[in-house]
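Raw contents of work_21.txt, compact mmCIF, N, CA and C atoms:
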```txt
# COMPACT_ATOMS: atom_id res chain seq x y z
N MET A 1 57.91 79.20 -92.78
CA MET A 1 56.82 78.25 -92.90
C MET A 1 55.66 78.74 -92.03
N ARG A 2 54.53 78.87 -92.65
CA ARG A 2 53.34 79.31 -91.92
C ARG A 2 52.53 78.12 -91.46
N SER A 3 52.20 78.16 -90.20
CA SER A 3 51.40 77.09 -89.64
C SER A 3 50.74 77.62 -88.38
N HIS A 4 49.58 77.09 -88.07
CA HIS A 4 48.86 77.53 -86.88
C HIS A 4 49.36 76.85 -85.61
N THR A 5 49.99 75.70 -85.78
CA THR A 5 50.45 74.96 -84.60
C THR A 5 51.90 74.54 -84.78
N ASN A 6 52.54 74.24 -83.68
CA ASN A 6 53.91 73.73 -83.72
C ASN A 6 53.95 72.33 -84.34
N GLU A 7 52.87 71.56 -84.14
CA GLU A 7 52.84 70.21 -84.69
C GLU A 7 52.90 70.25 -86.22
N GLY A 8 52.26 71.23 -86.82
CA GLY A 8 52.29 71.36 -88.27
C GLY A 8 53.69 71.64 -88.79
N VAL A 9 54.38 72.53 -88.11
CA VAL A 9 55.75 72.86 -88.49
C VAL A 9 56.65 71.65 -88.29
N GLU A 10 56.51 70.98 -87.14
CA GLU A 10 57.32 69.80 -86.87
C GLU A 10 57.07 68.69 -87.89
N GLY A 11 55.82 68.54 -88.31
CA GLY A 11 55.48 67.54 -89.32
C GLY A 11 56.14 67.84 -90.66
N ARG A 12 56.13 69.11 -91.04
CA ARG A 12 56.76 69.50 -92.30
C ARG A 12 58.27 69.29 -92.25
N ILE A 13 58.87 69.67 -91.14
CA ILE A 13 60.32 69.49 -91.00
C ILE A 13 60.67 68.01 -91.02
N PHE A 14 59.89 67.19 -90.34
CA PHE A 14 60.14 65.75 -90.33
C PHE A 14 60.01 65.16 -91.74
N THR A 15 58.98 65.58 -92.47
CA THR A 15 58.79 65.09 -93.84
C THR A 15 59.97 65.48 -94.72
N GLN A 16 60.44 66.72 -94.59
CA GLN A 16 61.59 67.17 -95.36
C GLN A 16 62.85 66.41 -94.98
N PHE A 17 62.98 66.08 -93.70
CA PHE A 17 64.14 65.32 -93.24
C PHE A 17 64.15 63.92 -93.86
N ILE A 18 63.00 63.27 -93.86
CA ILE A 18 62.90 61.93 -94.46
C ILE A 18 63.18 62.00 -95.97
N ALA A 19 62.64 63.03 -96.64
CA ALA A 19 62.87 63.19 -98.08
C ALA A 19 64.36 63.40 -98.36
N LEU A 20 65.04 64.14 -97.50
CA LEU A 20 66.47 64.36 -97.67
C LEU A 20 67.26 63.06 -97.50
N ILE A 21 66.86 62.24 -96.56
CA ILE A 21 67.52 60.94 -96.37
C ILE A 21 67.35 60.07 -97.62
N ILE A 22 66.14 60.03 -98.15
CA ILE A 22 65.87 59.21 -99.34
C ILE A 22 66.66 59.75 -100.53
N ARG A 23 66.66 61.09 -100.71
CA ARG A 23 67.39 61.68 -101.82
C ARG A 23 68.88 61.37 -101.72
N ASN A 24 69.43 61.44 -100.51
CA ASN A 24 70.85 61.16 -100.30
C ASN A 24 71.17 59.70 -100.61
N LYS A 25 70.27 58.80 -100.25
CA LYS A 25 70.46 57.37 -100.55
C LYS A 25 70.47 57.15 -102.07
N ILE A 26 69.54 57.81 -102.77
CA ILE A 26 69.49 57.72 -104.23
C ILE A 26 70.78 58.27 -104.83
N TYR A 27 71.20 59.44 -104.36
CA TYR A 27 72.42 60.07 -104.87
C TYR A 27 73.63 59.16 -104.69
N THR A 28 73.77 58.58 -103.50
CA THR A 28 74.91 57.71 -103.22
C THR A 28 74.92 56.49 -104.13
N ALA A 29 73.77 55.86 -104.31
CA ALA A 29 73.69 54.67 -105.18
C ALA A 29 74.03 55.03 -106.62
N LEU A 30 73.52 56.16 -107.09
CA LEU A 30 73.81 56.58 -108.46
C LEU A 30 75.27 56.95 -108.64
N HIS A 31 75.84 57.62 -107.65
CA HIS A 31 77.23 58.04 -107.73
C HIS A 31 78.16 56.82 -107.79
N GLU A 32 77.88 55.82 -106.96
CA GLU A 32 78.69 54.60 -106.97
C GLU A 32 78.58 53.88 -108.30
N LYS A 33 77.38 53.80 -108.85
CA LYS A 33 77.18 53.12 -110.12
C LYS A 33 77.85 53.89 -111.25
N ASN A 34 77.74 55.22 -111.23
CA ASN A 34 78.31 56.05 -112.29
C ASN A 34 79.84 55.97 -112.29
N GLU A 35 80.46 55.78 -111.11
CA GLU A 35 81.91 55.63 -111.04
C GLU A 35 82.37 54.33 -111.69
N LYS A 36 81.55 53.30 -111.63
CA LYS A 36 81.92 52.00 -112.20
C LYS A 36 81.76 51.97 -113.72
N LEU A 37 80.95 52.86 -114.28
CA LEU A 37 80.75 52.89 -115.72
C LEU A 37 81.96 53.50 -116.42
N GLU A 38 82.19 53.09 -117.66
CA GLU A 38 83.32 53.60 -118.41
C GLU A 38 83.17 55.09 -118.71
N SER A 39 82.00 55.49 -119.13
CA SER A 39 81.75 56.90 -119.42
C SER A 39 80.64 57.40 -118.50
N LYS A 40 80.74 58.64 -118.09
CA LYS A 40 79.73 59.23 -117.20
C LYS A 40 78.43 59.41 -117.96
N GLN A 41 77.34 59.05 -117.33
CA GLN A 41 76.03 59.15 -117.95
C GLN A 41 75.31 60.39 -117.43
N ASN A 42 74.78 61.21 -118.32
CA ASN A 42 74.07 62.43 -117.92
C ASN A 42 72.77 62.13 -117.20
N TYR A 43 72.17 60.99 -117.48
CA TYR A 43 70.88 60.67 -116.88
C TYR A 43 71.01 60.05 -115.49
N MET A 44 72.22 59.99 -114.96
CA MET A 44 72.42 59.41 -113.64
C MET A 44 72.47 60.49 -112.55
N THR A 45 71.61 61.49 -112.66
CA THR A 45 71.45 62.48 -111.61
C THR A 45 70.10 62.22 -110.95
N VAL A 46 69.94 62.69 -109.74
CA VAL A 46 68.71 62.40 -108.99
C VAL A 46 67.47 62.93 -109.72
N PRO A 47 67.43 64.19 -110.17
CA PRO A 47 66.22 64.65 -110.87
C PRO A 47 65.95 63.88 -112.17
N ALA A 48 67.01 63.57 -112.92
CA ALA A 48 66.83 62.84 -114.18
C ALA A 48 66.34 61.42 -113.93
N VAL A 49 66.86 60.79 -112.88
CA VAL A 49 66.44 59.42 -112.55
C VAL A 49 64.98 59.39 -112.13
N ILE A 50 64.58 60.36 -111.30
CA ILE A 50 63.19 60.40 -110.86
C ILE A 50 62.27 60.61 -112.06
N LYS A 51 62.65 61.51 -112.95
CA LYS A 51 61.84 61.77 -114.14
C LYS A 51 61.75 60.53 -115.02
N GLU A 52 62.86 59.81 -115.16
CA GLU A 52 62.86 58.61 -116.00
C GLU A 52 62.05 57.48 -115.38
N LEU A 53 62.16 57.29 -114.08
CA LEU A 53 61.43 56.20 -113.42
C LEU A 53 59.93 56.50 -113.30
N GLU A 54 59.56 57.78 -113.35
CA GLU A 54 58.13 58.13 -113.35
C GLU A 54 57.43 57.64 -114.61
N LYS A 55 58.20 57.35 -115.64
CA LYS A 55 57.62 56.88 -116.90
C LYS A 55 57.15 55.43 -116.82
N ILE A 56 57.56 54.71 -115.79
CA ILE A 56 57.10 53.33 -115.59
C ILE A 56 55.70 53.42 -115.01
N GLU A 57 54.70 53.02 -115.78
CA GLU A 57 53.31 53.11 -115.30
C GLU A 57 52.54 51.85 -115.61
N MET A 58 51.50 51.69 -114.84
CA MET A 58 50.57 50.57 -115.03
C MET A 58 49.27 51.12 -115.59
N THR A 59 48.63 50.32 -116.42
CA THR A 59 47.29 50.68 -116.91
C THR A 59 46.39 49.46 -116.78
N ARG A 60 45.10 49.73 -116.64
CA ARG A 60 44.14 48.63 -116.57
C ARG A 60 43.73 48.28 -117.99
N GLN A 61 43.86 47.01 -118.32
CA GLN A 61 43.52 46.51 -119.65
C GLN A 61 42.03 46.19 -119.70
N THR A 62 41.56 45.80 -120.86
CA THR A 62 40.14 45.52 -121.03
C THR A 62 39.66 44.34 -120.20
N ASP A 63 40.57 43.45 -119.81
CA ASP A 63 40.19 42.30 -118.98
C ASP A 63 40.28 42.62 -117.49
N ASN A 64 40.34 43.92 -117.15
CA ASN A 64 40.40 44.41 -115.77
C ASN A 64 41.65 43.95 -115.02
N VAL A 65 42.73 43.69 -115.73
CA VAL A 65 44.01 43.33 -115.13
C VAL A 65 44.97 44.48 -115.39
N TYR A 66 45.71 44.87 -114.37
CA TYR A 66 46.69 45.95 -114.50
C TYR A 66 48.01 45.38 -115.01
N ARG A 67 48.56 46.03 -116.02
CA ARG A 67 49.84 45.62 -116.61
C ARG A 67 50.69 46.86 -116.86
N LEU A 68 51.99 46.63 -117.11
CA LEU A 68 52.87 47.75 -117.47
C LEU A 68 52.38 48.36 -118.77
N ASP A 69 52.37 49.68 -118.82
CA ASP A 69 51.93 50.39 -120.01
C ASP A 69 52.94 50.21 -121.14
N HIS A 70 54.24 50.29 -120.80
CA HIS A 70 55.31 50.12 -121.78
C HIS A 70 56.36 49.19 -121.18
N ALA A 71 57.19 48.63 -122.04
CA ALA A 71 58.29 47.81 -121.56
C ALA A 71 59.32 48.70 -120.87
N VAL A 72 60.09 48.12 -119.99
CA VAL A 72 61.14 48.86 -119.30
C VAL A 72 62.26 49.11 -120.31
N THR A 73 62.68 50.37 -120.44
CA THR A 73 63.70 50.74 -121.42
C THR A 73 65.09 50.38 -120.92
N ALA A 74 66.05 50.43 -121.84
CA ALA A 74 67.44 50.12 -121.48
C ALA A 74 67.97 51.11 -120.45
N LYS A 75 67.61 52.38 -120.60
CA LYS A 75 68.04 53.41 -119.64
C LYS A 75 67.46 53.11 -118.26
N GLN A 76 66.19 52.73 -118.21
CA GLN A 76 65.57 52.40 -116.94
C GLN A 76 66.19 51.17 -116.32
N LYS A 77 66.59 50.21 -117.14
CA LYS A 77 67.25 49.00 -116.63
C LYS A 77 68.58 49.36 -115.98
N LYS A 78 69.35 50.28 -116.59
CA LYS A 78 70.62 50.70 -116.00
C LYS A 78 70.39 51.41 -114.68
N ILE A 79 69.36 52.22 -114.62
CA ILE A 79 69.04 52.93 -113.38
C ILE A 79 68.63 51.94 -112.30
N LEU A 80 67.78 50.98 -112.65
CA LEU A 80 67.34 49.98 -111.68
C LEU A 80 68.52 49.15 -111.18
N LYS A 81 69.48 48.88 -112.07
CA LYS A 81 70.65 48.10 -111.69
C LYS A 81 71.46 48.83 -110.62
N ALA A 82 71.45 50.15 -110.65
CA ALA A 82 72.17 50.93 -109.63
C ALA A 82 71.57 50.70 -108.25
N PHE A 83 70.30 50.33 -108.19
CA PHE A 83 69.63 50.08 -106.91
C PHE A 83 69.53 48.59 -106.60
N GLY A 84 70.21 47.76 -107.39
CA GLY A 84 70.19 46.32 -107.16
C GLY A 84 68.88 45.68 -107.60
N MET A 85 68.23 46.28 -108.57
CA MET A 85 66.96 45.75 -109.08
C MET A 85 67.10 45.44 -110.56
N ASN A 86 66.10 44.74 -111.09
CA ASN A 86 66.06 44.49 -112.53
C ASN A 86 64.62 44.53 -113.01
N GLU A 87 64.43 44.25 -114.28
CA GLU A 87 63.09 44.30 -114.87
C GLU A 87 62.15 43.31 -114.20
N GLY A 88 62.68 42.18 -113.76
CA GLY A 88 61.87 41.17 -113.09
C GLY A 88 61.25 41.69 -111.80
N ASN A 89 61.99 42.51 -111.07
CA ASN A 89 61.44 43.11 -109.85
C ASN A 89 60.24 43.98 -110.17
N ILE A 90 60.33 44.75 -111.23
CA ILE A 90 59.22 45.63 -111.63
C ILE A 90 58.02 44.79 -112.05
N THR A 91 58.27 43.78 -112.86
CA THR A 91 57.18 42.92 -113.32
C THR A 91 56.51 42.22 -112.14
N TYR A 92 57.30 41.76 -111.18
CA TYR A 92 56.74 41.09 -110.00
C TYR A 92 55.87 42.05 -109.20
N ARG A 93 56.37 43.28 -108.97
CA ARG A 93 55.60 44.27 -108.20
C ARG A 93 54.31 44.65 -108.90
N VAL A 94 54.36 44.75 -110.22
CA VAL A 94 53.14 45.06 -110.98
C VAL A 94 52.12 43.95 -110.79
N GLY A 95 52.57 42.70 -110.83
CA GLY A 95 51.67 41.57 -110.60
C GLY A 95 51.07 41.59 -109.21
N GLU A 96 51.89 41.91 -108.21
CA GLU A 96 51.40 41.98 -106.83
C GLU A 96 50.36 43.09 -106.67
N ILE A 97 50.64 44.25 -107.25
CA ILE A 97 49.70 45.37 -107.16
C ILE A 97 48.41 45.02 -107.89
N SER A 98 48.53 44.38 -109.05
CA SER A 98 47.35 43.98 -109.82
C SER A 98 46.48 43.02 -109.02
N ASN A 99 47.12 42.05 -108.38
CA ASN A 99 46.37 41.09 -107.56
C ASN A 99 45.69 41.77 -106.38
N THR A 100 46.38 42.69 -105.74
CA THR A 100 45.80 43.42 -104.61
C THR A 100 44.60 44.24 -105.06
N LEU A 101 44.73 44.92 -106.19
CA LEU A 101 43.62 45.71 -106.70
C LEU A 101 42.44 44.83 -107.11
N LYS A 102 42.75 43.67 -107.66
CA LYS A 102 41.69 42.74 -108.06
C LYS A 102 40.92 42.25 -106.83
N LYS A 103 41.66 41.93 -105.76
CA LYS A 103 41.02 41.48 -104.53
C LYS A 103 40.17 42.58 -103.92
N SER A 104 40.66 43.81 -103.94
CA SER A 104 39.89 44.90 -103.36
C SER A 104 38.63 45.19 -104.17
N ASN A 105 38.69 45.02 -105.49
CA ASN A 105 37.50 45.21 -106.33
C ASN A 105 36.48 44.11 -106.08
N ILE A 106 36.94 42.90 -105.86
CA ILE A 106 36.02 41.79 -105.57
C ILE A 106 35.33 42.04 -104.23
N GLN A 107 36.09 42.51 -103.23
CA GLN A 107 35.50 42.78 -101.92
C GLN A 107 34.49 43.92 -102.00
N LYS A 108 34.74 44.92 -102.83
CA LYS A 108 33.79 46.02 -103.00
C LYS A 108 32.51 45.54 -103.62
N GLU A 109 32.61 44.59 -104.58
CA GLU A 109 31.42 44.07 -105.26
C GLU A 109 30.56 43.27 -104.29
N TRP A 110 31.15 42.62 -103.29
CA TRP A 110 30.38 41.82 -102.34
C TRP A 110 29.61 42.69 -101.37
N ARG A 111 30.05 43.91 -101.17
CA ARG A 111 29.39 44.77 -100.18
C ARG A 111 28.13 45.31 -100.68
```
How would this structure read if it were set down as structure tokens?
Amino acid sequence: MRSHTNEGVEGRIFTQFIALIIRNKIYTALHEKNEKLESKQNYMTVPAVIKELEKIEMTRQTDNVYRLDHAVTAKQKKILKAFGMNEGNITYRVGEISNTLKKSNIQKEWR
């Protein structure tokens, strides 16, 4: 790793350490869920799960409100269930983010 200072190297190592902890937590949750299923699912690997969950996106509609671009698929619901979540959690978070963005846009207009 090339860096001009020790702080830069330490920052990169720390970031990688945190990423490894998160990846391990994801792996453990998926492994436990996959053991409970009758048949092993190919999409229950960490890279496949990340790729599948990246498909959940929000878009701004013509009324300036952010909503889910597509409905949550059955595969995504199974993945979310492994983390103790459901479609309602996603819908709630989208609403919260939409409200936050709406408030920040209103504050920008006042300035």
- prompt: Leaving out region 85-101 of chain A and any residue of its chain fewer than 5 positions from it, which residues lie within 7 Å of it when counting all atoms listed in the file, given as a list in words?
  reply: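 Everything that qualifies: Val65, Tyr66, Arg67, Leu68, Val72, Lys77, Ile79, Leu80 and Ile106 of chain A.
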message: So that I can see what lies close to Glu57 (chain A), please list as a list of chain:residue names the residues with an atom at most 8 Å from it, counting all atoms listed in the file and leaving out residues fewer than 2 positions away in the same chain.
response: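 Near Glu57 (chain A), the qualifying residues are A:Leu53, A:Glu54, A:Lys55, A:Thr59, A:Arg60, A:Tyr66, A:Arg67, A:Leu68, A:Asp69, A:His70.
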field: Which of A:Glu32, A:Glu7, A:Asp63, A:Glu52 sits closest to Ala82 (chain A) [using only C-alpha atoms]
entry: A:Glu32
query: Any idea what's packed within 12 Å of Gln41 (chain A), counting only C-alpha atoms, ignoring anything in its chain fewer than 6 positions away? Could you give it as a list in words?
result: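 Within the cut-off, the hits are Leu30, His31, Lys33, Asn34, Glu35, Ala48, Val49, Lys75, Lys78 and Ile79 of chain A.
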Selection to disk with N, CA and C atoms, as a PDB file, keeping the file's coordinate frame:
```
ATOM      1  N   LEU A  30      73.520  56.160-107.090  1.00  0.00           N
ATOM      2  CA  LEU A  30      73.810  56.580-108.460  1.00  0.00           C
ATOM      3  C   LEU A  30      75.270  56.950-108.640  1.00  0.00           C
ATOM      4  N   HIS A  31      75.840  57.620-107.650  1.00  0.00           N
ATOM      5  CA  HIS A  31      77.230  58.040-107.730  1.00  0.00           C
ATOM      6  C   HIS A  31      78.160  56.820-107.790  1.00  0.00           C
ATOM      7  N   LYS A  33      77.380  53.800-108.850  1.00  0.00           N
ATOM      8  CA  LYS A  33      77.180  53.120-110.120  1.00  0.00           C
ATOM      9  C   LYS A  33      77.850  53.890-111.250  1.00  0.00           C
ATOM     10  N   ASN A  34      77.740  55.220-111.230  1.00  0.00           N
ATOM     11  CA  ASN A  34      78.310  56.050-112.290  1.00  0.00           C
ATOM     12  C   ASN A  34      79.840  55.970-112.290  1.00  0.00           C
ATOM     13  N   GLU A  35      80.460  55.780-111.110  1.00  0.00           N
ATOM     14  CA  GLU A  35      81.910  55.630-111.040  1.00  0.00           C
ATOM     15  C   GLU A  35      82.370  54.330-111.690  1.00  0.00           C
ATOM     16  N   ALA A  48      67.010  63.570-112.920  1.00  0.00           N
ATOM     17  CA  ALA A  48      66.830  62.840-114.180  1.00  0.00           C
ATOM     18  C   ALA A  48      66.340  61.420-113.930  1.00  0.00           C
ATOM     19  N   VAL A  49      66.860  60.790-112.880  1.00  0.00           N
ATOM     20  CA  VAL A  49      66.440  59.420-112.550  1.00  0.00           C
ATOM     21  C   VAL A  49      64.980  59.390-112.130  1.00  0.00           C
ATOM     22  N   LYS A  75      67.610  52.380-120.600  1.00  0.00           N
ATOM     23  CA  LYS A  75      68.040  53.410-119.640  1.00  0.00           C
ATOM     24  C   LYS A  75      67.460  53.110-118.260  1.00  0.00           C
ATOM     25  N   LYS A  78      69.350  50.280-116.590  1.00  0.00           N
ATOM     26  CA  LYS A  78      70.620  50.700-116.000  1.00  0.00           C
ATOM     27  C   LYS A  78      70.390  51.410-114.680  1.00  0.00           C
ATOM     28  N   ILE A  79      69.360  52.220-114.620  1.00  0.00           N
ATOM     29  CA  ILE A  79      69.040  52.930-113.380  1.00  0.00           C
ATOM     30  C   ILE A  79      68.630  51.940-112.300  1.00  0.00           C
TER      31      ILE A  79
END
```
task: Can you list, as a ChimeraX atom specification, all residues belonging to chain A that DSSP tags as strand (DSSP E)?
output: /A:58-60,66-68
task: as a VMD selection string, list the residues of chain A assigned to helix (DSSP H, G or I) by DSSP on the backbone atoms of this structure.
output: chain A and resid 6 to 36 46 to 53 74 to 82 87 to 110
task: For each of A:Ile21, A:Glu10, A:Thr15, A:Ala29, take the minimum atom-to-atom distance to Lys81 (chain A), counting all atoms listed in the file, then give the residue where this is smallest.
output: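 Among the listed residues, A:Ala29 lies closest to Lys81 (chain A).
For the atom pair formed by CA of Thr45 (chain A) and CA of Tyr27 (chain A), the distance is 7.2 Å, given to one decimal.
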